[in-house]
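Below: data.txt (compact mmCIF, C-alpha atoms)
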```txt
# COMPACT_ATOMS: atom_id res chain seq x y z
CA MET A 185 -147.78 -150.83 280.77
CA ASP A 186 -146.21 -151.27 284.21
CA SER A 187 -146.62 -148.58 286.84
CA PHE A 188 -143.40 -147.15 288.25
CA ARG A 189 -142.92 -145.66 291.68
CA PHE A 190 -140.36 -145.13 294.44
CA ALA A 191 -141.07 -146.85 297.75
CA HIS A 192 -139.15 -144.15 299.69
CA PRO A 193 -139.14 -141.05 297.43
CA TYR A 194 -137.86 -138.72 300.16
CA PHE A 195 -134.37 -140.18 299.66
CA LEU A 196 -134.32 -138.55 296.21
CA TYR A 197 -133.65 -135.20 297.88
CA LEU A 198 -130.09 -136.46 298.35
CA LEU A 199 -129.62 -136.07 294.58
CA LEU A 200 -129.37 -132.33 295.27
CA LEU A 201 -125.88 -133.10 296.58
CA VAL A 202 -124.69 -134.33 293.17
CA PRO A 203 -124.15 -130.82 291.66
CA LEU A 204 -122.38 -129.83 294.88
CA PHE A 205 -120.01 -132.80 294.63
CA ALA A 206 -119.33 -131.97 290.97
CA LEU A 207 -118.48 -128.36 291.85
CA LEU A 208 -116.20 -129.52 294.68
CA MET A 209 -114.43 -131.90 292.30
CA LEU A 210 -113.84 -129.08 289.81
CA TYR A 211 -112.73 -126.77 292.62
CA PHE A 212 -110.17 -129.18 294.08
CA GLY A 213 -108.98 -130.13 290.59
CA ARG A 214 -108.33 -126.47 289.89
CA ARG A 215 -106.51 -126.03 293.20
CA ARG A 216 -104.43 -129.11 292.45
CA ARG A 217 -103.38 -127.71 289.06
CA LYS A 218 -102.63 -124.32 290.58
CA ALA A 219 -100.48 -125.92 293.28
CA PHE A 220 -98.40 -127.74 290.64
CA ALA A 221 -98.17 -124.53 288.58
CA ASP A 222 -96.89 -122.62 291.61
CA PHE A 223 -94.29 -125.34 292.21
CA GLY A 224 -92.78 -124.98 288.76
CA GLU A 225 -93.24 -125.34 285.02
CA MET A 226 -95.72 -128.11 284.21
CA ARG A 227 -93.50 -129.69 281.56
CA LEU A 228 -90.67 -129.99 284.08
CA ILE A 229 -93.02 -131.33 286.80
CA ALA A 230 -94.35 -133.92 284.34
CA HIS A 231 -90.78 -135.01 283.67
CA LEU A 232 -89.96 -135.21 287.38
CA MET A 233 -93.28 -136.94 288.22
CA PRO A 234 -93.89 -139.20 285.21
CA TYR A 235 -96.61 -141.18 286.97
CA MET A 236 -98.78 -138.17 287.83
CA SER A 237 -102.21 -138.25 286.08
CA GLU A 238 -104.72 -135.39 286.17
CA SER A 239 -107.15 -137.38 284.00
CA ARG A 240 -107.27 -140.22 286.53
CA PHE A 241 -108.21 -137.78 289.28
CA HIS A 242 -111.21 -136.52 287.29
CA LEU A 243 -112.21 -140.01 286.13
CA LYS A 244 -112.17 -141.44 289.67
CA SER A 245 -114.13 -138.41 290.95
CA TRP A 246 -116.86 -138.80 288.31
CA ILE A 247 -117.09 -142.53 288.99
CA LEU A 248 -117.73 -141.88 292.69
CA ILE A 249 -120.28 -139.13 291.96
CA ILE A 250 -122.23 -141.37 289.57
CA ALA A 251 -122.05 -144.24 292.06
CA PHE A 252 -123.46 -141.95 294.78
CA ALA A 253 -126.36 -140.86 292.55
CA LEU A 254 -127.23 -144.47 291.71
CA GLN A 255 -127.00 -145.46 295.38
CA VAL A 256 -129.54 -142.74 296.20
CA ILE A 257 -131.90 -144.33 293.66
CA VAL A 258 -131.31 -147.69 295.37
CA LEU A 259 -132.28 -146.16 298.74
CA ALA A 260 -135.42 -144.62 297.19
CA GLY A 261 -136.54 -148.14 296.26
CA PRO A 262 -137.54 -148.20 292.57
CA GLN A 263 -140.53 -150.47 291.97
CA PHE A 264 -142.64 -151.53 289.02
CA GLY A 265 -146.28 -152.53 289.32
CA ALA A 266 -146.47 -156.00 287.92
CA LYS A 267 -150.16 -156.79 288.22
CA LEU A 268 -152.94 -154.50 287.08
CA GLU A 269 -156.07 -155.98 288.59
CA THR A 270 -159.69 -154.94 288.76
CA THR A 271 -160.87 -154.90 292.37
CA LYS A 272 -164.25 -154.31 293.96
CA ARG A 273 -164.59 -151.32 296.28
CA LYS A 274 -167.43 -149.65 298.15
CA GLY A 275 -167.58 -145.89 298.43
CA ILE A 276 -168.91 -142.69 296.93
CA GLU A 277 -167.65 -140.27 294.29
CA LEU A 278 -166.46 -136.94 295.64
CA MET A 279 -165.47 -133.86 293.63
CA VAL A 280 -163.64 -131.03 295.41
CA ALA A 281 -163.69 -127.58 293.78
CA ILE A 282 -160.98 -125.19 295.05
CA ASP A 283 -161.10 -121.43 294.46
CA VAL A 284 -157.77 -120.18 293.05
CA SER A 285 -158.72 -116.54 292.47
CA ASN A 286 -156.28 -113.88 293.70
CA SER A 287 -158.41 -113.18 296.79
CA MET A 288 -157.46 -116.64 298.08
CA ASN A 289 -153.95 -115.25 298.75
CA ALA A 290 -155.38 -113.05 301.53
CA ARG A 291 -154.12 -113.88 305.01
CA ASP A 292 -157.10 -113.25 307.26
CA VAL A 293 -156.72 -116.99 307.91
CA GLN A 294 -153.20 -118.34 308.33
CA PRO A 295 -151.04 -119.13 306.47
CA SER A 296 -153.39 -117.96 303.68
CA ARG A 297 -156.87 -118.81 302.46
CA LEU A 298 -155.54 -121.06 299.70
CA ASP A 299 -152.98 -122.80 301.91
CA MET A 300 -155.67 -123.44 304.51
CA ALA A 301 -157.92 -124.84 301.77
CA LYS A 302 -155.18 -127.22 300.62
CA MET A 303 -154.54 -128.39 304.18
CA ALA A 304 -158.26 -129.01 304.66
CA VAL A 305 -158.43 -131.11 301.48
CA SER A 306 -155.29 -133.01 302.48
CA ARG A 307 -156.90 -133.83 305.82
CA LEU A 308 -160.03 -134.92 303.97
CA VAL A 309 -158.02 -137.22 301.66
CA ASP A 310 -156.38 -138.85 304.69
CA LYS A 311 -159.81 -139.76 306.03
CA LEU A 312 -161.20 -141.22 302.80
CA GLY A 313 -161.58 -144.96 302.55
CA ASP A 314 -162.39 -146.49 299.18
CA ASP A 315 -164.07 -143.41 297.72
CA ARG A 316 -163.30 -141.93 294.33
CA LEU A 317 -161.93 -138.40 294.39
CA GLY A 318 -161.55 -135.65 291.79
CA ILE A 319 -160.30 -132.06 292.01
CA VAL A 320 -161.47 -128.97 290.10
CA VAL A 321 -159.82 -125.54 290.30
CA PHE A 322 -161.69 -122.37 289.42
CA ALA A 323 -161.52 -118.61 289.29
CA GLY A 324 -163.30 -116.85 286.39
CA GLN A 325 -163.36 -120.28 284.71
CA ALA A 326 -163.20 -123.84 285.98
CA TYR A 327 -160.78 -126.62 285.03
CA VAL A 328 -160.34 -130.25 286.03
CA GLN A 329 -157.09 -130.58 287.98
CA LEU A 330 -157.48 -134.29 288.79
CA PRO A 331 -160.01 -136.62 287.09
CA ILE A 332 -162.02 -138.87 289.37
CA THR A 333 -159.70 -141.54 290.80
CA THR A 334 -158.88 -143.77 293.77
CA ASP A 335 -155.19 -142.85 293.55
CA TYR A 336 -154.86 -140.76 296.72
CA PRO A 337 -151.05 -140.24 296.49
CA SER A 338 -151.57 -138.63 293.07
CA ALA A 339 -154.37 -136.53 294.52
CA LYS A 340 -152.01 -135.17 297.18
CA MET A 341 -149.33 -134.50 294.57
CA PHE A 342 -151.75 -132.53 292.38
CA LEU A 343 -153.07 -130.75 295.46
CA GLN A 344 -149.64 -129.39 296.38
CA SER A 345 -149.19 -127.92 292.89
CA ILE A 346 -152.35 -125.78 293.10
CA ASN A 347 -151.73 -122.00 293.08
CA THR A 348 -153.48 -118.78 292.09
CA ASN A 349 -151.64 -118.55 288.75
CA MET A 350 -153.32 -121.68 287.36
CA VAL A 351 -156.40 -119.98 285.92
CA PRO A 352 -155.73 -116.98 283.65
CA THR A 353 -159.24 -115.50 283.98
CA GLN A 354 -159.88 -113.84 287.32
CA GLY A 355 -163.22 -113.98 289.11
CA THR A 356 -165.07 -116.53 291.23
CA ALA A 357 -167.35 -118.65 289.05
CA ILE A 358 -168.79 -120.98 291.69
CA GLY A 359 -171.64 -122.04 289.41
CA ALA A 360 -169.22 -123.05 286.64
CA ALA A 361 -167.19 -125.07 289.16
CA ILE A 362 -170.30 -126.96 290.35
CA ASN A 363 -171.39 -127.66 286.77
CA LEU A 364 -167.92 -128.95 285.85
CA CYS A 365 -167.91 -131.20 288.92
CA LEU A 366 -171.27 -132.62 287.85
CA ASN A 367 -169.88 -133.42 284.40
CA SER A 368 -166.69 -134.95 285.83
CA PHE A 369 -168.27 -137.86 287.69
CA SER A 370 -167.98 -141.33 286.19
CA SER A 371 -170.71 -142.78 283.98
CA GLN A 372 -171.71 -145.32 286.64
CA GLN A 373 -175.33 -144.75 287.60
CA ASP A 374 -175.85 -146.57 290.92
CA ILE A 375 -173.40 -144.60 293.05
CA ASN A 376 -173.84 -141.70 295.48
CA ARG A 377 -171.99 -138.47 294.86
CA ALA A 378 -171.11 -135.21 296.61
CA ILE A 379 -169.41 -131.92 295.75
CA ILE A 380 -167.36 -129.78 298.13
CA VAL A 381 -166.74 -126.15 297.10
CA ILE A 382 -163.93 -124.37 298.98
CA THR A 383 -163.98 -120.61 298.38
CA ASP A 384 -164.21 -117.18 299.99
CA GLY A 385 -167.68 -116.86 298.45
CA GLU A 386 -167.17 -113.65 296.46
CA ASN A 387 -169.10 -114.94 293.45
CA HIS A 388 -169.07 -112.42 290.60
CA GLU A 389 -169.65 -114.57 287.55
CA ASP A 390 -172.79 -116.75 287.59
CA ASP A 391 -175.74 -118.16 289.51
CA ALA A 392 -174.19 -120.59 291.97
CA ILE A 393 -177.50 -121.26 293.72
CA GLU A 394 -179.08 -122.43 290.47
CA ALA A 395 -176.12 -124.73 289.78
CA ALA A 396 -176.36 -126.19 293.31
CA SER A 397 -180.10 -126.79 292.84
CA ARG A 398 -179.41 -128.59 289.58
CA ALA A 399 -176.89 -130.80 291.38
CA ALA A 400 -179.39 -131.58 294.15
CA GLN A 401 -181.98 -132.58 291.55
CA ALA A 402 -179.40 -135.02 290.15
CA GLY A 403 -179.00 -136.53 293.61
CA VAL A 404 -175.63 -134.86 294.30
CA LYS A 405 -175.15 -133.04 297.60
CA VAL A 406 -173.22 -129.74 297.53
CA TYR A 407 -171.19 -128.67 300.57
CA THR A 408 -169.46 -125.30 300.89
CA VAL A 409 -166.39 -124.46 302.95
CA GLY A 410 -165.82 -120.75 303.52
CA MET A 411 -162.28 -119.38 303.57
CA GLY A 412 -161.75 -115.95 305.10
CA THR A 413 -163.28 -113.66 307.72
CA THR A 414 -165.94 -110.95 307.70
CA LYS A 415 -163.25 -108.47 308.77
CA GLY A 416 -161.33 -109.30 305.61
CA ALA A 417 -157.76 -108.66 304.50
CA PRO A 418 -155.87 -107.02 301.61
CA VAL A 419 -154.97 -109.09 298.55
CA PRO A 420 -151.22 -109.36 297.82
CA LEU A 421 -150.09 -108.52 294.29
CA MET A 422 -147.93 -111.64 294.43
CA PRO A 423 -148.45 -114.69 296.67
CA GLY A 424 -146.49 -114.24 299.90
CA ASP A 425 -145.64 -110.55 299.21
CA MET A 426 -147.15 -108.62 302.12
CA SER A 427 -145.71 -105.25 301.08
CA ASN A 428 -147.67 -104.68 297.86
CA PHE A 429 -151.44 -105.11 297.59
CA ILE A 430 -154.09 -104.88 294.88
CA LYS A 431 -155.70 -101.43 294.70
CA ASP A 432 -158.90 -100.15 293.12
CA LYS A 433 -159.15 -97.44 290.46
CA ASP A 434 -159.02 -94.77 293.18
CA GLY A 435 -155.74 -96.11 294.54
CA GLN A 436 -157.30 -97.61 297.67
CA VAL A 437 -156.19 -101.04 298.89
CA VAL A 438 -158.85 -103.64 298.10
CA ILE A 439 -160.14 -105.55 301.14
CA THR A 440 -161.60 -108.98 300.42
CA ARG A 441 -164.21 -110.41 302.80
CA ILE A 442 -165.92 -113.77 302.97
CA ASP A 443 -169.53 -113.91 301.78
CA GLU A 444 -170.89 -116.44 304.25
CA GLN A 445 -174.53 -115.69 303.42
CA SER A 446 -174.08 -116.69 299.79
CA LEU A 447 -172.21 -119.87 300.71
CA MET A 448 -174.95 -120.88 303.14
CA GLN A 449 -177.53 -120.36 300.40
CA VAL A 450 -175.52 -122.45 297.93
CA ALA A 451 -175.17 -125.27 300.49
CA ALA A 452 -178.90 -125.12 301.30
CA ALA A 453 -179.82 -125.27 297.61
CA GLY A 454 -177.51 -128.28 297.21
CA ASN A 455 -179.01 -130.17 300.21
CA GLY A 456 -175.59 -129.95 301.85
CA ALA A 457 -174.04 -127.95 304.70
CA TYR A 458 -171.76 -124.96 305.21
CA VAL A 459 -168.42 -125.07 307.08
CA SER A 460 -166.67 -121.90 308.25
CA ALA A 461 -162.90 -121.45 308.13
CA ASN A 462 -163.09 -119.92 311.61
CA ASN A 463 -163.95 -123.38 312.88
CA ILE A 464 -162.19 -125.35 310.17
CA ARG A 465 -160.89 -128.28 312.24
CA SER A 466 -164.19 -129.25 313.85
CA GLY A 467 -166.04 -128.25 310.68
CA ILE A 468 -163.97 -130.54 308.48
CA ASN A 469 -164.41 -133.35 311.01
CA ALA A 470 -168.17 -132.86 310.87
CA LEU A 471 -168.03 -132.77 307.06
CA ILE A 472 -166.01 -135.99 306.98
CA GLU A 473 -168.55 -137.66 309.27
CA GLU A 474 -171.40 -136.55 307.01
CA ILE A 475 -169.61 -137.83 303.88
CA GLU A 476 -168.91 -141.13 305.63
CA SER A 477 -172.62 -141.40 306.48
CA ILE A 478 -173.56 -141.30 302.78
CA GLU A 479 -174.49 -144.78 301.63
CA LYS A 480 -171.60 -146.50 299.86
CA SER A 481 -171.97 -148.15 296.49
CA GLU A 482 -169.88 -150.91 294.95
CA PHE A 483 -167.70 -150.05 291.97
CA GLU A 484 -164.73 -151.46 290.11
CA ALA A 485 -161.25 -149.96 290.35
CA LYS A 486 -158.13 -150.94 288.42
CA VAL A 487 -155.12 -150.91 290.70
CA TYR A 488 -151.59 -152.27 290.72
CA THR A 489 -151.79 -154.91 293.43
CA ALA A 490 -148.14 -156.02 293.44
CA TYR A 491 -144.92 -154.08 293.03
CA ASN A 492 -141.64 -155.75 292.19
CA GLU A 493 -138.38 -154.36 293.58
CA ARG A 494 -135.95 -153.18 290.90
CA PHE A 495 -133.15 -151.70 293.03
CA GLN A 496 -130.89 -154.72 292.35
CA TYR A 497 -129.98 -153.52 288.85
CA PHE A 498 -128.86 -150.13 290.16
CA GLU A 499 -126.92 -151.77 293.01
CA ILE A 500 -125.03 -153.98 290.55
CA VAL A 501 -123.95 -150.90 288.60
CA VAL A 502 -122.90 -149.17 291.86
CA LEU A 503 -120.73 -152.14 292.87
CA ALA A 504 -119.20 -152.28 289.39
CA LEU A 505 -118.34 -148.57 289.56
CA LEU A 506 -116.77 -148.94 293.01
CA LEU A 507 -114.72 -151.89 291.78
CA LEU A 508 -113.62 -149.86 288.77
CA ASP A 509 -112.59 -147.02 291.09
CA LEU A 510 -110.42 -149.45 293.07
CA LEU A 511 -108.78 -150.79 289.91
CA ILE A 512 -107.95 -147.32 288.59
CA LEU A 513 -104.96 -146.07 290.56
CA GLY A 514 -104.61 -142.40 291.39
CA ARG A 515 -101.19 -142.46 289.66
CA LYS A 516 -99.87 -144.21 286.60
CA ASN A 517 -98.64 -147.78 287.02
CA PRO A 518 -94.88 -147.85 286.17
CA HIS A 519 -95.27 -151.38 284.79
CA LEU A 520 -98.00 -150.22 282.38
CA SER A 521 -96.54 -146.85 281.50
CA GLY A 522 -96.47 -147.80 277.86
CA PHE A 523 -100.25 -148.27 277.82
CA ASP A 524 -101.35 -144.76 278.78
CA ILE A 525 -104.96 -144.23 277.64
CA PHE A 526 -105.29 -141.01 279.61
CA THR A 527 -102.73 -138.86 277.72
CA ARG A 528 -102.82 -137.97 274.03
CA LYS A 529 -99.78 -138.70 271.90
CA SER A 530 -99.30 -135.01 271.19
CA ASP A 531 -99.28 -134.32 274.93
CA LYS A 532 -96.65 -137.02 275.45
CA LYS A 533 -94.37 -135.34 272.96
CA ASP A 534 -94.79 -132.01 274.71
CA LEU A 535 -93.94 -133.59 278.07
CA PHE A 536 -90.69 -135.13 276.84
CA ILE A 537 -87.60 -132.99 277.46
CA GLU A 538 -84.71 -133.57 275.11
CA PRO A 539 -81.39 -134.06 276.91
CA SER A 540 -79.02 -131.19 276.19
CA GLY A 541 -75.83 -133.27 276.46
CA LYS A 542 -74.39 -130.68 278.77
CA GLU A 543 -73.80 -131.10 282.42
```

Would it be possible to restate this file's structure as structure tokens?
Amino acid sequence: MDSFRFAHPYFLYLLLLVPLFALLMLYFGRRRRKAFADFGEMRLIAHLMPYMSESRFHLKSWILIIAFALQVIVLAGPQFGAKLETTKRKGIELMVAIDVSNSMNARDVQPSRLDMAKMAVSRLVDKLGDDRLGIVVFAGQAYVQLPITTDYPSAKMFLQSINTNMVPTQGTAIGAAINLCLNSFSSQQDINRAIIVITDGENHEDDAIEAASRAAQAGVKVYTVGMGTTKGAPVPLMPGDMSNFIKDKDGQVVITRIDEQSLMQVAAAGNGAYVSANNIRSGINALIEEIESIEKSEFEAKVYTAYNERFQYFEIVVLALLLLDLLILGRKNPHLSGFDIFTRKSDKKDLFIEPSGKE
């Protein structure tokens, strides 16, 4: 099956104008009818202006709106992948586990712990070469968000959709996340692997150090990236709502703080390293350098190597619609008045005014 994509997807935002154009068309159509109604009785106006056509106004408007929408698709550059080929690449397999518990909404790092985590992963993806990447999200439980892949655009798309409502069970099961990452690597044996855990470190569910040790025994390095500060911050009830915060059973606002000691221990057990959010830029750079220093292994990847342009079909339809708009006059043609496809027969009878015979 061919792969479909848009070469310039940002043009698709212009489609948001289509509902606006439709509303404007309805608005001006209503004003037009009201103006005629204010001028006089519609049956009399129809008799005085026999070539007036309300249906043509709407038809021409819809033609232009549809043509605009199709032209936006043309600008976005629809493409189909025509060749699925197996290529040889050299890299490692990297699983990134992102904490999505409610505490990641705290803003002791800006714009929030979770947003900072997503920006750090996005920066990491930009620096990857031919490595395979997978994403796991976790709170009280862990789930695979993106299976191991070399499709970095998809990785960024999935990354942007991550939020703290994804996992119904609250908590911070770092051990479960590491175990799931271990089970999510490919079956290829002769390839180096690493796991990056991004969290505030408040582990309440399992033994993360044991899970990291198990990963190290399997030859997988475990790195931890800490999000938050030791000073801490309150946890919003809803993401972005800084007026209502989670409270304990005594009615006191809960303050969440990073557990750097635990994250250092997890990284040490996993033969990896710890990166602090307080020094996230240089820390991520150092982490990228360490990942790049891991020996690369050769593996096969199936990719679409050629994309064929398919905008021509949409452009043909656009040109046909514009030509149709030119052919349809805004008023009835007096020479073709007998071939009126825009007015029902019953309406024609209503519009005809019988002569009274009186002057």

Just the residues within 9 Å of stretch 406-409 of chain A, please, counting only C-alpha atoms, with nothing from its chain fewer than 2 positions along; format it as a CSV table (one decimal) with C-alpha atoms, in the coordinates of the input.
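This went into result_2.csv:
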```
chain,number,residue,atom,x,y,z
A,301,ALA,CA,-157.9,-124.8,301.8
A,362,ILE,CA,-170.3,-127.0,290.4
A,378,ALA,CA,-171.1,-135.2,296.6
A,379,ILE,CA,-169.4,-131.9,295.8
A,380,ILE,CA,-167.4,-129.8,298.1
A,381,VAL,CA,-166.7,-126.2,297.1
A,382,ILE,CA,-163.9,-124.4,299.0
A,383,THR,CA,-164.0,-120.6,298.4
A,384,ASP,CA,-164.2,-117.2,300.0
A,385,GLY,CA,-167.7,-116.9,298.4
A,396,ALA,CA,-176.4,-126.2,293.3
A,397,SER,CA,-180.1,-126.8,292.8
A,399,ALA,CA,-176.9,-130.8,291.4
A,400,ALA,CA,-179.4,-131.6,294.2
A,404,VAL,CA,-175.6,-134.9,294.3
A,411,MET,CA,-162.3,-119.4,303.6
A,447,LEU,CA,-172.2,-119.9,300.7
A,448,MET,CA,-175.0,-120.9,303.1
A,450,VAL,CA,-175.5,-122.4,297.9
A,451,ALA,CA,-175.2,-125.3,300.5
A,452,ALA,CA,-178.9,-125.1,301.3
A,453,ALA,CA,-179.8,-125.3,297.6
A,454,GLY,CA,-177.5,-128.3,297.2
A,455,ASN,CA,-179.0,-130.2,300.2
A,456,GLY,CA,-175.6,-130.0,301.8
A,457,ALA,CA,-174.0,-128.0,304.7
A,458,TYR,CA,-171.8,-125.0,305.2
A,459,VAL,CA,-168.4,-125.1,307.1
A,460,SER,CA,-166.7,-121.9,308.2
A,461,ALA,CA,-162.9,-121.4,308.1
A,464,ILE,CA,-162.2,-125.4,310.2
A,467,GLY,CA,-166.0,-128.2,310.7
A,468,ILE,CA,-164.0,-130.5,308.5
A,471,LEU,CA,-168.0,-132.8,307.1
```

- What does the distance from atom CA of A:Leu513 to atom CA of A:Leu259 come to in Å, to one decimal? 28.5 Å

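Coordinates place atom CA of A:Arg240 at a distance of 11.2 Å from atom CA of A:Leu511.
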
Can you pull out every residue within 8 Å of A:Leu196, counting all atoms listed in the file, but drop anything in the same chain fewer than 5 positions away, and send it as a PDB file with C-alpha atoms, in the frame of the given file?
```
ATOM      1  CA  VAL A 256    -129.540-142.740 296.200  1.00  0.00           C
ATOM      2  CA  ILE A 257    -131.900-144.330 293.660  1.00  0.00           C
ATOM      3  CA  ALA A 260    -135.420-144.620 297.190  1.00  0.00           C
TER       4      ALA A 260
END
```

- Item | Atomic distance atom CA of A:Asn347 - atom CA of A:Cys365, expressed in Å with one decimal | 19.1 Å

- Query: Between A:Thr334, A:Ser481, A:Thr440, A:Gln449, which has the minimum distance to A:Gln373 (counting all atoms listed in the file)?
  - Reply: A:Ser481

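Using only C-alpha atoms, the shortest contact distance between A:Pro423 and any of A:Met288, A:Leu208, A:Ile472, A:Ile250 is found at A:Met288.
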
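With only C-alpha atoms as the atoms that count, the minimum distance from A:Lys431 to the choices A:Val419, A:Ala290, A:Ala219, A:Ala470 is reached by A:Val419.
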
- Message: Taking all atoms listed in the file into account, name the residue in A:Lys274, A:Ser466, A:Ser245, A:Leu506 that is nearest to A:Arg307.
- Response: A:Ser466

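Considering all atoms listed in the file, the residue among A:Val284, A:Ala417, A:Met279, A:Met341 positioned nearest to A:Ser368 is A:Met279.
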
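Distances here use only C-alpha atoms; by that measure, the residue among A:Thr356, A:Gln372, A:Ser287, A:Asn469 closest to A:Asp391 is A:Thr356.
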